[in-house]
Amino acid sequence: MDDYRAIADRLADDITAGRLKPGQRLMPQRQFARRRGIAGSTAGRVYAELVRRGLVVGEVGRGTFVRAAASDPSGRALIERASAAPVNMELNYPVAEGQSELLAPLLAPLLRPDVLAEALLPAAATGTAPAREAAASLLATTGPRPEPHRVLFTGNARQAIAATLASLVRPGGRVGVEPLTYPLVREIAARLGIVLVPLAADADGPLPESVLAVHRTAPLSALYLQPTLHNPTSLTMSDERRRQLAQAVGHLGLPVVEDRIWSFLHPDAPTPLAAHAPALIHVVDSLSKRVAPGLTVGFAVVPEHRVDAVAAAIRSGGWSAGRFALEAAVRVMAAGMVERLVAAKRADAALRQRIVGEELDGFAVRAHPQVYYAWWELPAPWRADTFTAAAAAHGIAVTPGPAFAVDPHRTPDAVRLGLASAAVPDLRRALRTLAGVARNGR
């Protein structure tokens with residue numbers, strides 16, 4: 001009898017070759033087992049293997065469907081997938097108008113031989129004293145100012161997430177997350193051998209009682225949360241919910257990774273979660289969204305007693321920031337340029353959200369008025385993967401909702417629209433096209 005992996009390989013070939021089309025529903029497992037002459041349990045393992053490879057998605061009560069695009073089999077954890085689509089609404093890198101002209105005078109001195117010699121030296125996870133001071137002052141713009149000695153540096157925010165989780169969770173450990181989470185966190189978890197566990201949530205974010213219940217079922221090692229401008233839904237937890245969650249994790253002694261990558265766009269957000277449980281919360285942030293995609297210095301602000309452990313994880317993972325990037329970051333932060341660019345990006349994001357409101361009027365779209373993404377709950381009978389395929393046929397790349405779903409059997413009929421990367425006229429045309437696809441069924 002064929003091994004289930006061999007059967008999965010043949011189905012995978014059919015998907016890759018296009019014999020099984022995006023959005024096509026596979027036959028029920030019981031029927032598949034009878035047709036193949038295999039046990040029902042073997043059929044279940046075949047379908048589970050296809051889900052694991054990212055080739056299909058299973059939906060409770062509806063069946064198993066071929067995904068619009070296969071996941072990258074390499075399981076890249078620390079880079080974001082690009083697309084060749086003419087209008088790419090998967091990637092989401094904001095760039096302010098005139099940004100290069102503003103940054104060039106600040107960075108030009110780095111090319112002086114005496115300065116460059118220093119900038120080309122290796123950098124430790126602890127960075128430099130000027131870098132720690134500059135980062136602490138920058139992070140104080142969206143929360144309390146951290147003590148500089150608690151700030152560590154990585155090559156980018158994803159590496160800060162990876163290093164922090166690696167320092168907290170052993171292989172096989174469980175991490176509680178929102179039901180929809182950053183896709184690269186799923187890949188990081190797979191690389192580190194970490195199990196992600198979805199927490200029950202309501203319109204205000206994860207429920208504290210769910211944290212307690214999940215932990216009682218099988219102990220959690222940590223939580224990973226996005227309290228401000230959650231990606232993809234734009235949800236921002238209330239101050240009361242943050243207090244409740246802080247109380248729950250404090251009761252359990254459970255560490256938390258608080259992702260604040262997009263929080264700079266929300267100047268009126270409640271106090272960061274870290275302020276409510278400073279001995280447990282590890283904050284991750286970066287410059288890439290605030291300043292420029294290529295300036296990818298990441299920050300990890302960690303509890304004082306965990307500085308050495310997280311620094312060791314950064315070193316062992318090879319995730320330290322480059323000294324040149326660190327020196328560039330110090331110059332940009334010290335000159336007050338970050339605040340100027342942030343103000344421009346808030347205004348730009350607000351403009352793009354107004355365009356979303358105009359072009360997708362009448363649809364169920366969730367977003368914050370000053371953020372660079374929107375969560376579109378598709379009208380029936382559209383499914384996320386079939387809509388993604390239809391959008392691609394029109395030269396538009398969007399991210400299907402299942403990419404964010406922690407439970408592969410509970411996937412939303414929604415897509416995330418990244419608003420930052422396309423030029424404004426292209427964004428408007430793309431949204432108008434997508435609205436037509438949604439209404440007309442093609």
# chains A, B, ... in the order shown; residues from 1 in each chain; ligands from 1
>>> residues_around(residues="Val169 (chain A)", least_positions_apart="4", cutoff="10 Å", atoms="only C-alpha atoms", output="PyMOL selection string")
chain A and resi 164-165+173-175+189+192-195+220-222+255
>>> closest_residue(among="A:Leu168, A:Ala203, A:Gly298, A:Tyr372", to="Leu280 (chain A)", atoms="only C-alpha atoms")
A:Leu168
>>> closest_residue(among="A:His266, A:His251, A:Arg429, A:Arg315", to="Pro369 (chain A)", atoms="only C-alpha atoms")
A:His266
>>> residues_around(residues="Leu417 (chain A)", least_positions_apart="2", cutoff="12 Å", atoms="only C-alpha atoms", output="PyMOL selection string")
chain A and resi 87-92+231-234+352-353+356+360+365-367+371-378+388+391+396-401+414-415+419-422+427+430-431+434
>>> residues_around(residues="region 97-100 of chain A", least_positions_apart="3", cutoff="10 Å", atoms="only C-alpha atoms", output="JSON, numbers by chain")
{"A": [94, 103, 104, 105, 291, 292, 337, 340, 341, 344, 345, 348]}
